[in-house]
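Asks: Supplied structure: entry.txt, compact mmCIF, C-alpha atoms.
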```
# COMPACT_ATOMS: atom_id res chain seq x y z
CA MET P 1 -239.49 -12.69 -81.13
CA GLN P 2 -241.83 -10.91 -83.51
CA SER P 3 -244.99 -12.90 -84.30
CA GLU P 4 -244.33 -12.54 -88.03
CA LYS P 5 -240.95 -14.24 -87.72
CA LEU P 6 -242.36 -16.98 -85.53
CA SER P 7 -245.21 -17.58 -87.97
CA ARG P 8 -242.72 -17.85 -90.83
CA ILE P 9 -240.81 -20.61 -89.05
CA VAL P 10 -243.87 -22.58 -87.94
CA SER P 11 -245.65 -22.27 -91.30
CA ALA P 12 -242.60 -23.61 -93.14
CA ARG P 13 -242.08 -26.49 -90.73
CA VAL P 14 -245.75 -27.50 -90.96
CA GLY P 15 -246.60 -26.83 -94.59
CA ASP P 16 -243.32 -26.62 -96.51
CA PRO P 17 -240.45 -28.55 -94.89
CA GLY P 18 -238.54 -28.35 -98.17
CA ALA P 19 -238.16 -24.63 -97.56
CA ILE P 20 -235.24 -25.39 -95.25
CA ALA P 21 -233.16 -27.06 -97.96
CA ALA P 22 -234.16 -24.33 -100.40
CA ALA P 23 -233.01 -21.64 -97.97
CA ALA P 24 -229.69 -23.45 -97.51
CA ALA P 25 -229.22 -23.71 -101.29
CA ARG P 26 -229.71 -19.98 -101.89
CA ARG P 27 -227.74 -18.83 -98.85
CA ILE P 28 -224.79 -16.59 -99.69
CA ARG P 29 -221.73 -18.19 -98.18
CA ALA P 30 -219.04 -16.32 -96.29
CA PRO P 31 -216.04 -15.47 -98.48
CA SER P 32 -213.72 -16.33 -95.57
CA LEU P 33 -213.85 -17.81 -92.09
CA LEU P 34 -212.21 -14.60 -90.87
CA GLY P 35 -213.77 -11.17 -90.90
CA GLU P 36 -212.34 -7.87 -92.08
CA HIS P 37 -210.58 -7.67 -88.73
CA GLY P 38 -208.67 -10.85 -89.61
CA LYS P 39 -210.28 -12.98 -86.90
CA ALA P 40 -213.38 -15.15 -86.50
CA MET P 41 -216.24 -14.06 -84.21
CA ILE P 42 -218.60 -17.02 -83.95
CA ILE P 43 -221.74 -17.11 -81.81
CA ALA P 44 -222.32 -20.52 -80.20
CA ALA P 45 -225.80 -21.84 -79.39
CA ASP P 46 -225.59 -25.63 -79.26
CA HIS P 47 -225.97 -25.92 -75.47
CA PRO P 48 -229.70 -26.83 -75.31
CA ALA P 49 -229.28 -30.07 -77.27
CA ARG P 50 -227.06 -31.39 -74.46
CA GLY P 51 -229.62 -30.37 -71.85
CA ALA P 52 -227.40 -27.49 -70.72
CA ASN P 53 -230.02 -24.74 -70.64
CA GLY P 54 -228.76 -22.80 -67.65
CA VAL P 55 -227.18 -19.36 -67.61
CA GLY P 56 -226.01 -18.01 -64.28
CA SER P 57 -228.70 -18.55 -61.66
CA ASP P 58 -231.42 -19.32 -64.23
CA PRO P 59 -231.46 -23.09 -64.99
CA THR P 60 -233.80 -22.73 -67.98
CA ALA P 61 -232.61 -19.49 -69.59
CA MET P 62 -231.80 -21.07 -72.97
CA ALA P 63 -234.93 -23.24 -73.00
CA ASP P 64 -237.12 -20.43 -74.38
CA ARG P 65 -236.47 -21.05 -78.08
CA PHE P 66 -238.17 -17.90 -79.32
CA GLU P 67 -236.12 -15.71 -77.00
CA LEU P 68 -232.93 -17.55 -77.92
CA LEU P 69 -233.59 -17.03 -81.63
CA ASP P 70 -234.30 -13.35 -81.04
CA ARG P 71 -231.01 -12.96 -79.20
CA LEU P 72 -229.18 -14.86 -81.94
CA CYS P 73 -230.64 -12.60 -84.61
CA THR P 74 -229.49 -9.55 -82.65
CA ALA P 75 -225.98 -10.97 -82.31
CA LEU P 76 -225.69 -12.01 -85.96
CA GLU P 77 -226.69 -8.53 -87.12
CA ARG P 78 -223.80 -6.87 -85.29
CA PRO P 79 -220.80 -5.72 -87.39
CA GLY P 80 -217.82 -8.02 -87.12
CA VAL P 81 -219.74 -11.19 -86.27
CA THR P 82 -218.54 -13.79 -88.77
CA GLY P 83 -220.53 -16.94 -88.00
CA VAL P 84 -222.65 -19.20 -85.85
CA LEU P 85 -222.35 -22.66 -84.29
CA ALA P 86 -225.49 -24.62 -83.47
CA THR P 87 -227.48 -27.83 -83.90
CA ALA P 88 -229.76 -28.54 -86.85
CA ASP P 89 -232.97 -27.33 -85.21
CA ILE P 90 -231.53 -23.88 -84.49
CA LEU P 91 -229.61 -23.49 -87.75
CA GLU P 92 -232.69 -24.43 -89.76
CA ASP P 93 -234.73 -21.79 -87.92
CA LEU P 94 -232.04 -19.23 -88.70
CA LEU P 95 -232.05 -20.30 -92.35
CA LEU P 96 -235.80 -19.78 -92.52
CA LEU P 97 -235.33 -16.33 -91.01
CA GLY P 98 -232.73 -15.52 -93.68
CA VAL P 99 -230.05 -14.29 -91.27
CA LEU P 100 -227.15 -16.54 -92.31
CA ASP P 101 -226.10 -14.85 -95.53
CA GLY P 102 -222.42 -14.02 -95.51
CA LYS P 103 -221.83 -15.95 -92.28
CA SER P 104 -219.74 -19.04 -91.70
CA VAL P 105 -221.88 -21.85 -90.32
CA PHE P 106 -220.75 -24.75 -88.14
CA GLY P 107 -222.93 -27.73 -87.24
CA SER P 108 -222.68 -29.29 -83.78
CA MET P 109 -222.10 -33.02 -84.15
CA ASN P 110 -222.01 -34.92 -80.84
CA ARG P 111 -224.67 -34.11 -78.23
CA ALA P 112 -225.35 -37.46 -76.53
CA GLY P 113 -223.17 -36.65 -73.52
CA LEU P 114 -226.07 -35.03 -71.72
CA ALA P 115 -225.12 -32.65 -68.94
CA GLY P 116 -225.29 -34.37 -65.56
CA SER P 117 -225.83 -37.87 -66.94
CA VAL P 118 -223.98 -41.02 -65.88
CA PHE P 119 -223.03 -41.50 -69.55
CA GLU P 120 -221.73 -37.97 -70.12
CA ILE P 121 -218.35 -39.09 -71.46
CA ASP P 122 -220.00 -41.51 -73.91
CA ASP P 123 -220.67 -38.52 -76.15
CA ARG P 124 -222.03 -40.16 -79.28
CA PHE P 125 -222.73 -38.30 -82.50
CA THR P 126 -226.44 -37.54 -82.47
CA GLY P 127 -226.34 -34.23 -84.36
CA TYR P 128 -224.84 -33.31 -87.69
CA ASP P 129 -222.67 -35.63 -89.74
CA ALA P 130 -220.08 -34.57 -92.31
CA GLU P 131 -222.25 -35.58 -95.26
CA THR P 132 -225.12 -33.32 -94.19
CA ILE P 133 -222.82 -30.42 -93.29
CA ALA P 134 -221.43 -30.58 -96.83
CA ALA P 135 -224.89 -30.94 -98.39
CA MET P 136 -226.16 -27.87 -96.51
CA GLY P 137 -223.23 -25.79 -97.73
CA PHE P 138 -221.91 -25.21 -94.23
CA ASP P 139 -218.27 -24.61 -93.33
CA GLY P 140 -217.55 -27.32 -90.80
CA GLY P 141 -218.55 -29.33 -87.78
CA LYS P 142 -217.77 -29.05 -84.10
CA MET P 143 -217.21 -31.92 -81.68
CA LEU P 144 -216.86 -31.80 -77.91
CA THR P 145 -214.09 -34.23 -76.91
CA ARG P 146 -213.67 -34.90 -73.20
CA VAL P 147 -210.85 -37.20 -72.13
CA ALA P 148 -211.59 -38.88 -68.80
CA LEU P 149 -208.78 -41.24 -67.82
CA ASP P 150 -211.06 -42.77 -65.19
CA ASP P 151 -213.89 -43.58 -67.62
CA PRO P 152 -213.68 -46.59 -70.02
CA ALA P 153 -215.99 -44.81 -72.47
CA THR P 154 -213.17 -42.40 -73.38
CA PRO P 155 -211.53 -44.51 -76.14
CA GLY P 156 -214.87 -44.78 -77.91
CA ALA P 157 -215.37 -41.02 -77.71
CA LEU P 158 -211.88 -40.43 -79.11
CA SER P 159 -212.52 -42.90 -81.91
CA GLU P 160 -215.77 -41.17 -82.86
CA THR P 161 -214.05 -37.79 -82.89
CA ALA P 162 -211.25 -39.15 -85.09
CA ARG P 163 -213.82 -40.55 -87.52
CA ALA P 164 -215.58 -37.18 -87.75
CA VAL P 165 -212.25 -35.41 -88.25
CA ASN P 166 -211.47 -37.78 -91.11
CA GLU P 167 -214.85 -37.34 -92.78
CA LEU P 168 -214.72 -33.56 -92.55
CA ASN P 169 -211.12 -33.41 -93.76
CA ASP P 170 -212.03 -35.61 -96.72
CA ARG P 171 -214.62 -32.97 -97.71
CA ARG P 172 -212.26 -30.06 -97.01
CA LEU P 173 -214.49 -28.84 -94.20
CA ILE P 174 -213.30 -27.51 -90.85
CA ALA P 175 -213.24 -30.02 -88.00
CA MET P 176 -213.58 -27.89 -84.86
CA VAL P 177 -212.43 -30.05 -81.94
CA GLU P 178 -213.15 -28.86 -78.39
CA PRO P 179 -210.98 -30.96 -76.02
CA PHE P 180 -210.92 -31.18 -72.24
CA MET P 181 -209.20 -33.36 -69.70
CA SER P 182 -212.13 -34.36 -67.49
CA ALA P 183 -212.78 -36.52 -64.43
CA TRP P 184 -215.66 -37.76 -62.33
CA LYS P 185 -216.02 -35.81 -59.09
CA ASP P 186 -218.95 -35.69 -56.66
CA GLY P 187 -221.13 -37.60 -59.10
CA GLY P 188 -220.48 -35.41 -62.11
CA ILE P 189 -217.96 -34.68 -64.85
CA ARG P 190 -215.63 -31.79 -64.14
CA ASN P 191 -213.26 -30.28 -66.70
CA ASP P 192 -209.71 -29.66 -65.49
CA LEU P 193 -208.85 -26.08 -66.47
CA SER P 194 -205.31 -26.08 -65.13
CA THR P 195 -202.67 -25.08 -67.67
CA ASP P 196 -201.04 -28.52 -67.71
CA ALA P 197 -204.36 -30.27 -68.26
CA VAL P 198 -205.39 -27.99 -71.13
CA VAL P 199 -201.97 -28.43 -72.75
CA LYS P 200 -202.41 -32.21 -72.51
CA SER P 201 -205.88 -32.00 -74.06
CA VAL P 202 -204.48 -29.96 -76.94
CA THR P 203 -201.73 -32.48 -77.69
CA ILE P 204 -204.24 -35.35 -77.64
CA ALA P 205 -206.79 -33.59 -79.83
CA SER P 206 -204.18 -32.43 -82.32
CA GLY P 207 -203.26 -36.03 -83.11
CA LEU P 208 -206.77 -37.30 -83.87
CA GLY P 209 -207.53 -38.38 -87.41
CA ARG P 210 -205.53 -39.43 -90.43
CA ARG P 211 -205.29 -35.82 -91.66
CA THR P 212 -205.30 -32.52 -89.79
CA ALA P 213 -205.16 -30.01 -92.66
CA TYR P 214 -208.68 -28.82 -91.81
CA THR P 215 -208.62 -29.36 -88.05
CA TRP P 216 -209.09 -26.34 -85.80
CA LEU P 217 -209.22 -26.35 -81.99
CA LYS P 218 -211.78 -24.69 -79.73
CA LEU P 219 -210.07 -23.98 -76.42
CA PRO P 220 -210.88 -22.47 -73.03
CA VAL P 221 -209.00 -19.39 -71.94
CA VAL P 222 -207.01 -20.32 -68.85
CA ALA P 223 -203.88 -19.19 -67.05
CA GLY P 224 -200.76 -19.72 -69.13
CA MET P 225 -202.36 -19.40 -72.58
CA GLU P 226 -198.92 -18.85 -74.08
CA ARG P 227 -198.06 -22.45 -73.16
CA VAL P 228 -201.47 -23.74 -74.25
CA LEU P 229 -201.30 -22.13 -77.68
CA ALA P 230 -197.67 -23.15 -78.13
CA SER P 231 -198.57 -26.84 -77.75
CA SER P 232 -199.93 -27.14 -81.30
CA THR P 233 -199.66 -25.42 -84.67
CA LEU P 234 -203.37 -25.99 -85.36
CA PRO P 235 -205.49 -22.83 -85.59
CA ALA P 236 -207.30 -22.18 -82.33
CA LEU P 237 -210.58 -20.47 -81.51
CA LEU P 238 -211.08 -19.31 -77.94
CA LEU P 239 -214.31 -20.25 -76.17
CA GLY P 240 -216.13 -18.05 -73.74
CA GLY P 241 -217.82 -20.47 -71.35
CA GLU P 242 -219.74 -19.33 -68.28
CA VAL P 243 -218.50 -15.84 -67.42
CA THR P 244 -218.86 -14.56 -63.85
CA ASP P 245 -216.57 -11.53 -64.20
CA PRO P 246 -217.08 -9.95 -67.66
CA GLU P 247 -214.26 -7.42 -67.35
CA ALA P 248 -211.72 -10.08 -66.39
CA ALA P 249 -212.99 -12.38 -69.14
CA PHE P 250 -212.66 -9.73 -71.85
CA ALA P 251 -209.15 -8.88 -70.65
CA SER P 252 -208.07 -12.53 -70.76
CA TRP P 253 -209.60 -13.03 -74.22
CA GLY P 254 -207.81 -9.96 -75.55
CA LYS P 255 -204.46 -11.12 -74.21
CA ALA P 256 -204.85 -14.66 -75.59
CA LEU P 257 -205.86 -13.36 -79.03
CA LYS P 258 -202.38 -11.91 -79.44
CA GLN P 259 -200.90 -15.41 -79.73
CA PRO P 260 -200.11 -16.46 -83.33
CA THR P 261 -202.36 -19.54 -83.49
CA ALA P 262 -205.38 -17.75 -81.97
CA GLN P 263 -207.79 -17.07 -84.82
CA GLY P 264 -210.78 -15.66 -83.00
CA LEU P 265 -213.58 -16.30 -80.53
CA VAL P 266 -216.45 -18.76 -80.23
CA VAL P 267 -218.70 -17.38 -77.51
CA GLY P 268 -222.26 -18.26 -76.57
CA ARG P 269 -224.00 -17.70 -73.26
CA SER P 270 -221.88 -14.79 -72.05
CA LEU P 271 -222.79 -12.77 -75.16
CA LEU P 272 -226.33 -14.01 -75.72
CA TYR P 273 -227.29 -13.63 -72.03
CA PRO P 274 -224.98 -10.92 -70.68
CA ALA P 275 -225.40 -9.28 -67.31
CA GLY P 276 -227.73 -6.36 -67.87
CA GLY P 277 -229.26 -7.95 -70.97
CA ASP P 278 -227.55 -5.81 -73.63
CA VAL P 279 -226.76 -8.45 -76.28
CA ALA P 280 -225.66 -5.93 -78.91
CA GLY P 281 -223.35 -4.15 -76.47
CA ALA P 282 -221.75 -7.40 -75.29
CA VAL P 283 -221.18 -8.60 -78.84
CA ASP P 284 -219.73 -5.25 -79.93
CA LYS P 285 -217.29 -5.30 -77.00
CA ALA P 286 -216.14 -8.82 -77.93
CA VAL P 287 -215.68 -7.79 -81.56
CA SER P 288 -213.58 -4.83 -80.44
CA LEU P 289 -211.02 -7.29 -79.05
CA LEU P 290 -210.38 -8.57 -82.55
```
As structure tokens, how would this structure be written, given the file I've shared?
Replies:
Amino acid sequence: MQSEKLSRIVSARVGDPGAIAAAAARRIRAPSLLGEHGKAMIIAADHPARGANGVGSDPTAMADRFELLDRLCTALERPGVTGVLATADILEDLLLLGVLDGKSVFGSMNRAGLAGSVFEIDDRFTGYDAETIAAMGFDGGKMLTRVALDDPATPGALSETARAVNELNDRRLIAMVEPFMSAWKDGGIRNDLSTDAVVKSVTIASGLGRRTAYTWLKLPVVAGMERVLASSTLPALLLGGEVTDPEAAFASWGKALKQPTAQGLVVGRSLLYPAGGDVAGAVDKAVSLL
């Protein structure tokens, strides 16, 4: 990251914290959640707040904040990118850099389910709340919702998600729910990415909250996406996850995007840290699928 940009962030945080709210107030909002191509292309960067800093074989790739911001700025400048999803610390840095004009912005809400912890399913809301998302002029909030039938913390996690869905719906803001059927295995939480399990997670997530008019789903791309996307009428965004075979991933994303409820992509690590390091090229290829 250029020293001038870094100095701008640090100087504001030290000497003028109010600059963050001022930047949010003057930000030009996106006219639509969807781009000119009719789909959303959202860059996700909320992994570090859950302690999930690894990319591929590098366990600390996302822990260099200056490099992450530089990669985010590159991605957000590419044509066809419609928005960003992140926690408050990252979104405020991006506001200070002035790169969020015309973009949809989603705040990450629950980050207490730290990766690898014994309390991972007890994913409490330690990030954004609906009130602050509205006050900042953002478009919605995202919540990770893992359903572990073998963990008694699951009902509490579902209840917290339902509350957030309600509060966002009341403010006419998008509630982006990312559901998984999960289970404890070998001392850690593992998400079940079989078609039947993802379908079940969709049907559970779709019923959370007293209203669903503003609820969208964030779903993994798995085998049988026709069945997955037929299990709810809620708009769905497809997540990228950890990609080991880029060509196969892009092909599967493109196929899934043809389904009527699929409204775009929410992709993070595989575009921000692509094999070969060409962030702009990876983002442009994802946009081309839309």
Asks: Quick one: of P:Ser206, P:Ser182, P:Ser117, P:Ser7, who's nearest to P:Leu96, counting all atoms listed in the file?
Replies: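 Ranked by minimum distance to P:Leu96, first place goes to P:Ser7.
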Asks: Would you please work out which residue, of P:Asp151, P:Asp192, P:Asp284, P:Glu178, is nearest to P:Val81 when using only C-alpha atoms?
Replies: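 Residue with the minimum atom-to-atom distance to P:Val81: P:Asp284.
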Asks: P:Ala40, P:Leu85, P:Ala21, P:Leu91: which is nearest P:Leu289, counting all atoms listed in the file?
Replies: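 Result for the nearest residue to P:Leu289: P:Ala40.
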Asks: Work out how far apart atom CA of P:Gly188 and atom CA of P:Pro155 are and give it in Å to one decimal.
Replies: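 Computing it gives 19.0 Å between the two atoms.
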Asks: What separation in Å, quoted to one decimal, exists between atom CA of P:Pro235 and atom CA of P:Ala162?
Replies: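 We find that atom CA of P:Pro235 and atom CA of P:Ala162 lie 17.3 Å from each other.
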Asks: Just to confirm, what's the straight-line distance from atom CA of P:Ser252 to atom CA of P:Val221 in Å (one decimal)?
Replies: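 Spanning atom CA of P:Ser252 to atom CA of P:Val221 is a straight-line distance of 7.0 Å.
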Asks: So, with all atoms listed in the file as the atoms that count, which of P:Phe119, P:Phe138, P:Phe66, P:Phe125 lies closest to P:Gly83?
Replies: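 Answer, going by the shortest atom-to-atom distance: P:Phe138.
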Asks: Which of these, P:Glu67, P:Arg50, P:Val287, P:Trp216, has the shortest distance to P:Gly254 once you count all atoms listed in the file?
Replies: P:Val287
Asks: Mind checking which residues fall within 12 Å of P:Ala134, counting only C-alpha atoms, ignoring those fewer than 5 positions away in the same chain, and posting them as a ChimeraX atom specification?
Replies: /P:24-25,105-107,128-129,139-141,167-174
Asks: List the spatial neighbours of stretch 121-123 of chain P as an NGL selection string - criterion: any atom at most 8 Å away, all atoms listed in the file, same-chain residues fewer than 3 positions off excluded.
Replies: :P and (110-114 or 144-148 or 151 or 153-154 or 156-157 or 189)
Asks: Rank P:Val177, P:Ala12, P:Met62, P:Val228 by their smallest atom-to-atom distance to P:Leu95, using all atoms listed in the file, and report the top residue only.
Replies: P:Ala12
Asks: Would you kindly return, as an MDAnalysis selection string, each protein, DNA or RNA residue with an atom no farther than 10 Å from any atom of P:Thr82, considering only C-alpha atoms and excluding same-chain residues fewer than 6 positions away?
Replies: chainID P and resid 30 32:36 39:43 76 100 102:105 264:265 287
Asks: Tell me which protein, DNA and RNA residues are within 7 Å of P:Leu272, counting only C-alpha atoms, leaving out same-chain ones fewer than 5 positions away, and put them as a list in words.
Replies: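 The neighbour list is Arg71, Leu72 and Val279 of chain P.
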Asks: Please provide the set of residues having any atom within 12 Å of P:Arg8, restricted to all atoms listed in the file, with same-chain residues fewer than 6 positions apart removed, written as a list in words.
Replies: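 Counting only the stated atoms, we get Met1, Gln2, Val14, Gly15, Asp16, Pro17, Ala19, Ile20, Asp93, Leu94, Leu95, Leu96, Leu97 and Gly98 of chain P.
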